file structure11.txt (compact mmCIF, C-alpha atoms)
# COMPACT_ATOMS: atom_id res chain seq x y z
CA MET W 1 46.32 25.03 19.65
CA LYS W 2 45.89 24.58 15.92
CA PRO W 3 42.73 22.95 14.66
CA GLU W 4 44.83 20.61 12.46
CA TYR W 5 48.47 19.45 12.52
CA ASP W 6 50.60 18.12 9.64
CA PHE W 7 52.36 14.87 10.56
CA SER W 8 53.36 13.92 7.00
CA GLN W 9 57.06 14.47 7.81
CA GLY W 10 56.83 12.91 11.28
CA LYS W 11 58.96 9.94 12.35
CA ARG W 12 58.03 7.21 14.80
CA GLY W 13 60.10 6.52 17.88
CA ALA W 14 61.55 8.30 20.85
CA ILE W 15 62.26 12.00 20.55
CA ALA W 16 65.51 11.83 22.53
CA PRO W 17 68.12 9.43 21.09
CA GLN W 18 69.24 6.55 23.28
CA LYS W 19 72.73 6.70 24.70
CA GLY W 20 74.39 3.35 23.99
CA LYS W 21 71.62 1.11 25.27
CA THR W 22 68.54 -0.42 23.69
CA ARG W 23 65.40 -1.54 25.47
CA ILE W 24 64.51 -5.13 24.55
CA SER W 25 62.23 -7.85 25.84
CA ILE W 26 63.78 -11.29 26.40
CA HIS W 27 62.84 -14.48 28.24
CA ILE W 28 65.24 -15.53 31.04
CA ASP W 29 64.98 -18.68 33.17
CA ASN W 30 63.44 -17.89 36.55
CA ALA W 31 66.39 -19.41 38.41
CA ILE W 32 68.89 -17.29 36.46
CA LEU W 33 66.92 -14.12 37.07
CA ALA W 34 66.55 -14.90 40.79
CA GLU W 35 70.31 -15.46 41.10
CA PHE W 36 71.14 -12.17 39.37
CA ARG W 37 68.65 -10.31 41.55
CA ALA W 38 70.13 -11.86 44.71
CA ARG W 39 73.69 -11.00 43.66
CA ALA W 40 72.65 -7.47 42.71
CA GLU W 41 71.03 -6.96 46.10
CA LYS W 42 74.24 -8.07 47.85
CA ALA W 43 76.36 -5.83 45.62
CA GLY W 44 74.02 -2.88 45.93
CA SER W 45 73.55 -2.52 42.18
CA GLY W 46 70.90 -3.37 39.61
CA TYR W 47 70.46 -6.89 38.31
CA GLN W 48 70.32 -5.67 34.71
CA THR W 49 73.74 -4.06 35.19
CA LEU W 50 75.14 -7.36 36.47
CA MET W 51 73.62 -9.24 33.53
CA ASN W 52 75.14 -6.73 31.11
CA GLU W 53 78.56 -7.12 32.76
CA ALA W 54 78.29 -10.93 32.62
CA LEU W 55 77.44 -10.83 28.92
CA ARG W 56 80.25 -8.37 28.23
CA THR W 57 82.75 -10.60 30.07
CA TYR W 58 81.56 -13.69 28.20
CA LEU W 59 81.83 -12.00 24.83
CA SER W 60 85.34 -10.72 25.58
CA GLN W 61 86.45 -14.27 26.43
CA VAL W 62 84.74 -15.91 23.46
CA ASP W 63 86.47 -13.62 20.98
CA GLN W 64 89.91 -14.60 22.25
CA PRO W 65 91.84 -16.83 19.84
CA VAL W 66 92.75 -20.32 21.00
CA THR W 67 96.40 -20.08 21.94
CA GLU W 68 98.79 -22.97 22.56
CA ARG W 69 98.62 -22.26 26.29
CA ILE W 70 94.81 -22.41 26.35
CA LEU W 71 94.74 -25.55 24.23
CA ARG W 72 97.27 -27.31 26.49
CA HIS W 73 95.25 -26.31 29.57
CA VAL W 74 92.02 -27.70 28.11
CA LEU W 75 93.70 -30.91 27.00
CA ARG W 76 95.25 -31.45 30.45
CA GLN W 77 91.80 -31.17 32.00
CA GLU W 78 89.71 -33.08 29.49
CA LEU W 79 91.94 -35.73 27.91
CA PRO W 80 92.63 -37.83 31.05
CA VAL W 81 88.91 -37.91 31.86
CA TYR W 82 88.06 -38.88 28.29
CA LEU W 83 90.72 -41.59 28.11
CA ASN W 84 89.87 -43.04 31.52
CA ASP W 85 86.16 -43.11 30.73
CA ALA W 86 86.85 -44.79 27.40
CA HIS W 87 88.94 -47.52 29.06
CA GLY W 88 86.82 -47.90 32.20
CA ARG W 89 89.53 -46.62 34.51
CA SER W 90 89.33 -44.15 37.36
CA SER W 91 89.23 -40.46 36.59
CA ASP W 92 92.47 -39.67 38.47
CA PRO W 93 94.88 -37.76 36.25
CA PRO W 94 97.86 -39.79 35.05
CA GLU W 95 101.35 -39.22 36.41
CA PRO W 96 103.35 -36.74 34.30
CA VAL W 97 105.89 -38.23 31.92
CA LYS W 98 109.45 -37.42 32.96
CA LYS W 99 111.81 -36.28 30.24
CA ARG W 100 115.09 -38.11 29.87
CA ALA W 101 118.26 -36.18 30.48
CA GLY W 102 120.87 -36.13 27.73
CA LYS W 103 120.69 -36.49 23.98
CA ARG W 104 119.66 -39.57 22.11
CA THR W 105 122.00 -40.80 19.45
CA LYS W 106 121.24 -42.93 16.46
CA GLY W 107 122.68 -46.25 16.98
call {"tool": "encode", "arguments": {"input": "structure11.txt", "output": "structure tokens"}}
result
Amino acid sequence: MKPEYDFSQGKRGAIAPQKGKTRISIHIDNAILAEFRARAEKAGSGYQTLMNEALRTYLSQVDQPVTERILRHVLRQELPVYLNDAHGRSSDPPEPVKKRAGKRTKG
């Protein structure tokens, strides 16, 4: 062993590079953590893996553009509730409007 070592060119951090993952410290609600741990135990995997998968799934859905189909689906679910609440009516969805057969002519 040398009596003195030169660390002037040394770098801080792990010697081996990390492979696609980073260790972090975050605060998670106790109930959320307990649920992930319970699900992980049932699935036979780690709770951190399940959390990572849940975040990955969420991010893949959030990045999707709002298409006409998605917008129509959301409106069908939310608009009747909003309109009924605004007018003090029940929250049952309204009957669909039936299209008339044939062409309309100016008259």
call {"tool": "atom_distance", "arguments": {"input": "structure11.txt", "atom1": "CA of Arg56 (chain W)", "atom2": "CA of Lys21 (chain W)"}}
result
13.2 Å
call {"tool": "atom_distance", "arguments": {"input": "structure11.txt", "atom1": "CA of Asn30 (chain W)", "atom2": "CA of Thr57 (chain W)"}}
result
21.6 Å
call {"tool": "atom_distance", "arguments": {"input": "structure11.txt", "atom1": "CA of Arg76 (chain W)", "atom2": "CA of Ser60 (chain W)"}}
result
23.5 Å
call {"tool": "closest_residue", "arguments": {"input": "structure11.txt", "among": "W:Gln77, W:Gln61, W:Ser8, W:Gln48", "to": "Ile32 (chain W)", "atoms": "all atoms listed in the file"}}
result
W:Gln48
call {"tool": "closest_residue", "arguments": {"input": "structure11.txt", "among": "W:Ala16, W:Met51, W:Ala43, W:Leu71", "to": "Ile28 (chain W)", "atoms": "all atoms listed in the file"}}
result
W:Met51
call {"tool": "residues_around", "arguments": {"input": "structure11.txt", "residues": "region 33-39 of chain W", "least_positions_apart": "2", "cutoff": "12 Å", "atoms": "all atoms listed in the file", "output": "number ranges by chain"}}
result
W: 26-31, 41-54
